[in-house]
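Visitor: Take a look at the following structure, please.
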2 protein chains.
Amino acid sequence: MRIAVDAMGGDFAPKEIVRGAVEAAKKYDCEIVLVGDEEQIRAELHGEDPASLRISIVHASEVIGMNEHPAEAVRSKKDSSVVVATRLVKDGSCDAVFSAGSTGAAVAAAQLILHRIRGVGRPAIATPMPTPDGVTLMLDSGANVDSKPEHLVQSGVMGSLYAQYVFGIEHPRVGLLNIGEEETKGNEQVKETYQLLKVEPNIHFCGNAEGRDVPKGNFDVVICDGFVGNVVLKFAEGLAKTILGLIQEEIRGAGLMAKLGALLLMPTLRRLGKRLDVREYGGAPLLGVNGCCVIGHGSSDAKSVASAIGVTVDYVNGKVLDQIRDALAKEGDSDRA
Amino acid sequence: MRIAVDAMGGDFAPKEIVRGAVEAAKKYDCEIVLVGDEEQIRAELHGEDPASLRISIVHASEVIGMNEHPAEAVRSKKDSSVVVATRLVKDGSCDAVFSAGSTGAAVAAAQLILHRIRGVGRPAIATPMPTPDGVTLMLDSGANVDSKPEHLVQSGVMGSLYAQYVFGIEHPRVGLLNIGEEETKGNEQVKETYQLLKVEPNIHFCGNAEGRDVPKGNFDVVICDGFVGNVVLKFAEGLAKTILGLIQEEIRGAGLMAKLGALLLMPTLRRLGKRLDVREYGGAPLLGVNGCCVIGHGSSDAKSVASAIGVTVDYVNGKVLDQIRDALAKEGDSDRA
């Protein structure tokens, strides 16, 4: 398996990306192709032997910045790292692409170069949200806004297949993110979606999920519009950081006994932090395009990058793309029947 | 000041509501009118002298349940506690109403009995979300969905006036909840709202707020559609509970040293919990109706009820209703001009 990694994408690129790739190459059974400025990548690889690690470099002279218009930048910067990396999947030299750069650019590159799977109206980013017993896959977490009900249903089918073939959950419980449990609750978009989900044969629809059900893990897959999903995702990140900051502040201002307590409790708190750390997952698959594409957080460090490459390996191994193609092509056929 | 309290609304009514009212009557300078089944309320008041606490009872024979259709229930159950309590504000015998019962019923009662303020298309629930330095007022957190851009702007004006006159913030920083900082980001609803907010003279609009800005407290007021606000609010509650449960689980499973550490750190963790506890605020004002109406969480205990009554006292003292009437009536006039 060969994975193309956008070495120039992310707040701490190329350093943390290259380091994460090295870590992943040692940990997972895969070859890694680092795409970006060859000189910079080589400099970051100092001390490591790329060949023995099964790491190679493909040069790309341009970089798409976080504030560029995604589709325009993808069209004009043909030699940008994310475009070149995505093209390696298109031409079959790689099995998957990972980027921690501009999410919009990664999505646009995937759509323009790999194209959507037949039967998929809009691709969706599926973010694994940590729960006490694992993860809830929340999608769409930001690829598209103002989605139509049928797009949300397609997200449900894709997310369910991902949970089944990658997480190994036999009948994933799929919920529709809403403001109440009752079928009649919500805005027009989700009320229509509910009616479609009720008769959708490809998934195990378990009704509406409320906001609280996401962290509690009451569903395996939660479907929502990309606007809502993105707000929730960033809210979760902000809240986690805020709580961490407050704990540190309280401990700094506390007495000697409390400081001792903090010291004794540290391993426990660390273990807890690890259970809640989105970086443990690090990557969110973009579902609905003809190729495995995984998106990382802009602030990814080496650890996040390594675990995101792990997600990418699992994604490829799960052979979920064929499943999605089958399920949604059939849907398209039955619609036309 | 007299506050009507729906004694029958909430998961732990009337017990916790009556207890919270007693606590509030001792703490704040207000009279409290408990509305509901007189016999049950009297039973819960055992040991307390209502007269010396300035607590009185108004009997109401019916209760609106959590799963009843709000508007229908308000219309048919004319002697329900929330309807009778709201009518006490309408007829001038009380200055405000508080209910921890069905949010939908409290909103419907306020709309049908008190009516909307002229110039307000839709009322909004303004929830104070805890931040390291105080609160961010998030509105609408669930009164309405599929709001029009002008409704969101009105929410901004109302929330800003609330922050100014109740929290005492001179120029509240108002943000529009969105999926990116740039003006061009978001769905159709927020893109149109952005353009209206830019030219709105009554507020200090500071641009888009992302999900992470809410817990960080980067804005004083954050505007959103009730669908998004409700999902975020319930997500926050669920996440807080999940983290608390995980901490307890980790400590239970930890060694003796960690258990000792937890013991020593307990006062610090408690202080932190208090800073993040939504119950410290307990009540969310419903803005946009002709009367002060405060909504509590269904799971309110006595402590939440007491602090929500504190919120109600502040709301009345802030005389913010007159400010909202002035600002939005002027807007209506200039629209017609």
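Each chain in the structure tokens gets a letter, A, B, ..., in the order shown, and its residues are numbered from 1; ligands are numbered from 1 in order too.
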Give as number ranges by chain every residue of chain B that touches chain A within 9 Å, counting only C-alpha atoms.

Guide: B: 67, 131-132, 142, 144-146, 177-179, 182, 186-188, 210-216, 226-228, 230-243, 245-247, 250-251, 254, 257-269, 271-272, 276

Visitor: Tell me which protein, DNA and RNA residues are within 9 Å of segment 42-49 of chain B, counting only C-alpha atoms, leaving out same-chain ones fewer than 3 positions away, and put them as a ChimeraX atom specification.

Guide: /B:14-16,18-19,22,37-39,52-55,57

Visitor: Limited to N, CA, C and O atoms, could you put the picked residues into a file as a compact mmCIF listing (two decimals), in the first residue's frame?

Guide:
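Below you can see result01.txt, which holds the result:
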# COMPACT_ATOMS: atom_id res chain seq x y z
N PRO B 14 -42.75 19.24 41.91
CA PRO B 14 -42.54 20.60 42.42
C PRO B 14 -41.42 20.72 43.45
O PRO B 14 -41.00 21.82 43.76
N LYS B 15 -40.89 19.57 43.95
CA LYS B 15 -39.96 19.61 45.08
C LYS B 15 -38.78 20.59 44.88
O LYS B 15 -38.60 21.53 45.66
N GLU B 16 -38.00 20.34 43.81
CA GLU B 16 -36.79 21.15 43.64
C GLU B 16 -37.12 22.61 43.28
O GLU B 16 -36.35 23.52 43.60
N VAL B 18 -39.76 24.33 44.38
CA VAL B 18 -40.16 25.01 45.61
C VAL B 18 -38.92 25.29 46.48
O VAL B 18 -38.72 26.40 46.98
N ARG B 19 -38.05 24.31 46.60
CA ARG B 19 -36.81 24.50 47.38
C ARG B 19 -35.96 25.62 46.82
O ARG B 19 -35.41 26.44 47.55
N VAL B 22 -37.49 28.96 47.61
CA VAL B 22 -37.24 29.35 49.01
C VAL B 22 -35.82 29.93 49.14
O VAL B 22 -35.61 30.98 49.75
N ASP B 37 -50.17 23.24 41.77
CA ASP B 37 -51.08 22.55 42.69
C ASP B 37 -50.80 23.00 44.13
O ASP B 37 -49.74 22.70 44.69
N GLU B 38 -51.79 23.70 44.71
CA GLU B 38 -51.57 24.34 46.00
C GLU B 38 -51.19 23.34 47.09
O GLU B 38 -50.27 23.60 47.88
N GLU B 39 -51.87 22.19 47.08
CA GLU B 39 -51.63 21.20 48.13
C GLU B 39 -50.19 20.67 48.07
O GLU B 39 -49.48 20.61 49.07
N SER B 52 -43.25 35.08 55.78
CA SER B 52 -42.03 35.81 56.15
C SER B 52 -41.01 35.79 55.02
O SER B 52 -40.13 36.64 54.94
N LEU B 53 -41.10 34.76 54.15
CA LEU B 53 -40.18 34.69 53.00
C LEU B 53 -40.71 35.48 51.80
O LEU B 53 -40.08 35.50 50.75
N ARG B 54 -41.87 36.05 51.95
CA ARG B 54 -42.54 36.76 50.86
C ARG B 54 -42.81 35.80 49.67
O ARG B 54 -42.55 36.12 48.53
N ILE B 55 -43.26 34.59 50.03
CA ILE B 55 -43.67 33.62 49.01
C ILE B 55 -45.18 33.43 49.11
O ILE B 55 -45.71 33.26 50.22
N ILE B 57 -48.79 31.61 46.99
CA ILE B 57 -49.15 30.51 46.07
C ILE B 57 -50.37 30.92 45.24
O ILE B 57 -51.33 31.48 45.78

Visitor: Segment 287-291 of chain A: which residues within 8 Å, counting only C-alpha atoms, same-chain residues fewer than 6 positions away excluded, as a count of residues only?

Guide: 21

Visitor: What's around Gly318 of chain B at 10 Å? Count only C-alpha atoms, leave out sequence neighbours fewer than 3 positions away in its own chain, and write the answer as a VMD selection string.

Guide: chain B and resid 161 to 168 312 to 315 321 to 323

Visitor: Just the selected residues (all heavy atoms), exported as a short mmCIF file (atom, residue, chain, number, x, y, z; two decimals), in the first residue's frame, please.

Guide:
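File written: result-v8.cif
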data_model
loop_
_atom_site.label_atom_id
_atom_site.label_comp_id
_atom_site.auth_asym_id
_atom_site.auth_seq_id
_atom_site.Cartn_x
_atom_site.Cartn_y
_atom_site.Cartn_z
N LEU B 161 -28.23 44.26 23.65
CA LEU B 161 -28.84 45.10 24.69
C LEU B 161 -28.87 44.37 26.03
O LEU B 161 -28.64 44.96 27.09
CB LEU B 161 -30.26 45.52 24.28
CG LEU B 161 -30.30 46.56 23.15
CD1 LEU B 161 -31.71 46.69 22.59
CD2 LEU B 161 -29.80 47.92 23.65
N TYR B 162 -29.12 43.07 25.98
CA TYR B 162 -29.13 42.27 27.22
C TYR B 162 -27.74 42.29 27.85
O TYR B 162 -27.59 42.51 29.06
CB TYR B 162 -29.58 40.84 26.92
CG TYR B 162 -29.85 40.02 28.17
CD1 TYR B 162 -31.11 40.01 28.74
CD2 TYR B 162 -28.84 39.28 28.77
CE1 TYR B 162 -31.37 39.27 29.89
CE2 TYR B 162 -29.08 38.55 29.93
CZ TYR B 162 -30.35 38.54 30.48
OH TYR B 162 -30.59 37.81 31.62
N ALA B 163 -26.72 42.05 27.03
CA ALA B 163 -25.34 42.04 27.54
C ALA B 163 -24.97 43.40 28.12
O ALA B 163 -24.28 43.51 29.13
CB ALA B 163 -24.37 41.65 26.43
N GLN B 164 -25.49 44.45 27.48
CA GLN B 164 -25.17 45.80 27.93
C GLN B 164 -25.89 46.14 29.25
O GLN B 164 -25.26 46.55 30.22
CB GLN B 164 -25.59 46.80 26.84
CG GLN B 164 -25.12 48.22 27.09
CD GLN B 164 -25.56 49.15 25.97
OE1 GLN B 164 -25.94 48.72 24.88
NE2 GLN B 164 -25.50 50.45 26.24
N TYR B 165 -27.20 45.92 29.28
CA TYR B 165 -27.98 46.37 30.44
C TYR B 165 -28.03 45.37 31.59
O TYR B 165 -28.28 45.75 32.72
CB TYR B 165 -29.39 46.78 29.99
CG TYR B 165 -29.35 48.10 29.25
CD1 TYR B 165 -29.19 48.14 27.87
CD2 TYR B 165 -29.40 49.31 29.94
CE1 TYR B 165 -29.09 49.34 27.19
CE2 TYR B 165 -29.31 50.51 29.28
CZ TYR B 165 -29.15 50.53 27.90
OH TYR B 165 -29.04 51.72 27.24
N VAL B 166 -27.82 44.09 31.31
CA VAL B 166 -27.87 43.11 32.40
C VAL B 166 -26.45 42.72 32.85
O VAL B 166 -26.16 42.68 34.03
CB VAL B 166 -28.69 41.87 32.00
CG1 VAL B 166 -28.70 40.83 33.12
CG2 VAL B 166 -30.13 42.27 31.67
N PHE B 167 -25.55 42.50 31.87
CA PHE B 167 -24.18 42.14 32.25
C PHE B 167 -23.30 43.39 32.44
O PHE B 167 -22.18 43.29 32.95
CB PHE B 167 -23.52 41.25 31.18
CG PHE B 167 -24.19 39.92 30.98
CD1 PHE B 167 -24.02 39.21 29.79
CD2 PHE B 167 -24.96 39.34 31.98
CE1 PHE B 167 -24.62 37.98 29.60
CE2 PHE B 167 -25.56 38.10 31.80
CZ PHE B 167 -25.39 37.41 30.61
N GLY B 168 -23.79 44.55 32.01
CA GLY B 168 -23.02 45.78 32.19
C GLY B 168 -21.82 45.92 31.26
O GLY B 168 -20.84 46.59 31.60
N THR B 312 -33.44 36.03 36.61
CA THR B 312 -34.71 36.72 36.37
C THR B 312 -34.72 38.10 37.05
O THR B 312 -35.15 39.10 36.46
CB THR B 312 -35.89 35.85 36.88
OG1 THR B 312 -35.69 34.50 36.44
CG2 THR B 312 -37.21 36.35 36.34
N VAL B 313 -34.22 38.13 38.28
CA VAL B 313 -34.12 39.40 39.02
C VAL B 313 -33.24 40.40 38.25
O VAL B 313 -33.61 41.56 38.06
CB VAL B 313 -33.56 39.15 40.45
CG1 VAL B 313 -33.21 40.46 41.14
CG2 VAL B 313 -34.57 38.35 41.27
N ASP B 314 -32.10 39.91 37.78
CA ASP B 314 -31.19 40.77 37.01
C ASP B 314 -31.86 41.28 35.73
O ASP B 314 -31.67 42.43 35.32
CB ASP B 314 -29.92 40.00 36.61
CG ASP B 314 -29.04 39.70 37.82
OD1 ASP B 314 -29.24 40.34 38.88
OD2 ASP B 314 -28.16 38.83 37.69
N TYR B 315 -32.60 40.37 35.08
CA TYR B 315 -33.28 40.70 33.82
C TYR B 315 -34.26 41.86 34.06
O TYR B 315 -34.27 42.86 33.33
CB TYR B 315 -34.01 39.44 33.33
CG TYR B 315 -34.68 39.48 31.98
CD1 TYR B 315 -34.58 40.57 31.12
CD2 TYR B 315 -35.43 38.38 31.55
CE1 TYR B 315 -35.21 40.56 29.89
CE2 TYR B 315 -36.05 38.36 30.31
CZ TYR B 315 -35.95 39.46 29.50
OH TYR B 315 -36.59 39.45 28.27
N LEU B 321 -36.13 45.36 28.58
CA LEU B 321 -37.29 45.27 27.68
C LEU B 321 -37.58 46.61 27.01
O LEU B 321 -37.86 46.68 25.82
CB LEU B 321 -38.54 44.82 28.44
CG LEU B 321 -38.73 43.32 28.62
CD1 LEU B 321 -40.12 43.05 29.15
CD2 LEU B 321 -38.51 42.58 27.30
N ASP B 322 -37.50 47.69 27.80
CA ASP B 322 -37.74 49.02 27.23
C ASP B 322 -36.71 49.34 26.16
O ASP B 322 -37.01 49.93 25.12
CB ASP B 322 -37.67 50.09 28.32
CG ASP B 322 -38.81 49.94 29.33
OD1 ASP B 322 -39.85 49.37 28.94
OD2 ASP B 322 -38.64 50.36 30.48
N GLN B 323 -35.48 48.95 26.43
CA GLN B 323 -34.40 49.18 25.46
C GLN B 323 -34.67 48.44 24.16
O GLN B 323 -34.47 48.98 23.07
CB GLN B 323 -33.06 48.72 26.05
CG GLN B 323 -32.68 49.38 27.37
CD GLN B 323 -32.45 50.87 27.21
OE1 GLN B 323 -32.13 51.35 26.11
NE2 GLN B 323 -32.64 51.62 28.28
#

Visitor: Could you give me, as a list of chain:residue names, the residues within 12 Å of Tyr28 of chain A, counting only C-alpha atoms and dropping anything in the same chain fewer than 4 positions from it?

Guide: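 Contacts, with the query itself left out: A:Met1, A:Arg2, A:Ile3, A:Gly20, A:Ala21, A:Val22, A:Glu23, A:Ala24, A:Ile32, A:Leu53, A:Arg54, A:Ala306, A:Ser307, A:Ala308, A:Ile309, A:Gly310, A:Val311, A:Thr312, A:Val313, A:Asp314, A:Asn317.
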
Visitor: So how far away is atom CA of Leu137 of chain B from atom CA of Ala284 of chain B, in Å?

Guide: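 So the two atoms, atom CA of Ala284 of chain B and atom CA of Leu137 of chain B, lie 9.2 Å apart.
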
Visitor: With a cut-off of 12 Å, could you pull out the residues of segment 211-314 of chain B touching segment 200-206 of chain B and give me the nearest pair of atoms for each, distance in Å to one decimal, using only C-alpha atoms, ordered by chain and ascending number, as CSV?

Guide:
residue,atom,partner,partner_atom,distance
B:Asn218,CA,B:Cys206,CA,10.0
B:Phe219,CA,B:Cys206,CA,8.1
B:Asp220,CA,B:Cys206,CA,10.1
B:Val221,CA,B:Phe205,CA,9.5
B:Val222,CA,B:Phe205,CA,10.0
B:Ile223,CA,B:Phe205,CA,10.4

Visitor: Take the residues from that selection and put them in a file with C-alpha atoms, as an mmCIF file, in the first residue's frame.

Guide:
data_model
loop_
_atom_site.group_PDB
_atom_site.id
_atom_site.type_symbol
_atom_site.label_atom_id
_atom_site.label_comp_id
_atom_site.auth_asym_id
_atom_site.auth_seq_id
_atom_site.Cartn_x
_atom_site.Cartn_y
_atom_site.Cartn_z
ATOM 1 C CA ASN B 218 -13.930 35.706 22.256
ATOM 2 C CA PHE B 219 -17.336 37.380 21.820
ATOM 3 C CA ASP B 220 -19.896 38.634 24.333
ATOM 4 C CA VAL B 221 -22.842 37.697 22.147
ATOM 5 C CA VAL B 222 -22.957 34.978 19.488
ATOM 6 C CA ILE B 223 -25.901 34.842 17.084
#

Visitor: Check the DSSP output for the backbone and give back, as a PyMOL selection string, the residues of segment 270-333 of chain B in strand (DSSP E or B).

Guide: chain B and resi 283-287+289+292-296

Visitor: Tell me which of B:Glu68, B:Asp133, B:Pro149, B:Val35 sits closest to Thr86 of chain B, counting only C-alpha atoms.

Guide: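 Using only C-alpha atoms, the shortest distance to Thr86 of chain B belongs to B:Val35.
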
Visitor: Per DSSP on the backbone, what are the helix (DSSP H, G or I) residues of segment 45-169 of chain A, as a ChimeraX atom specification?

Guide: /A:70-76,81-90,103-114,149-165
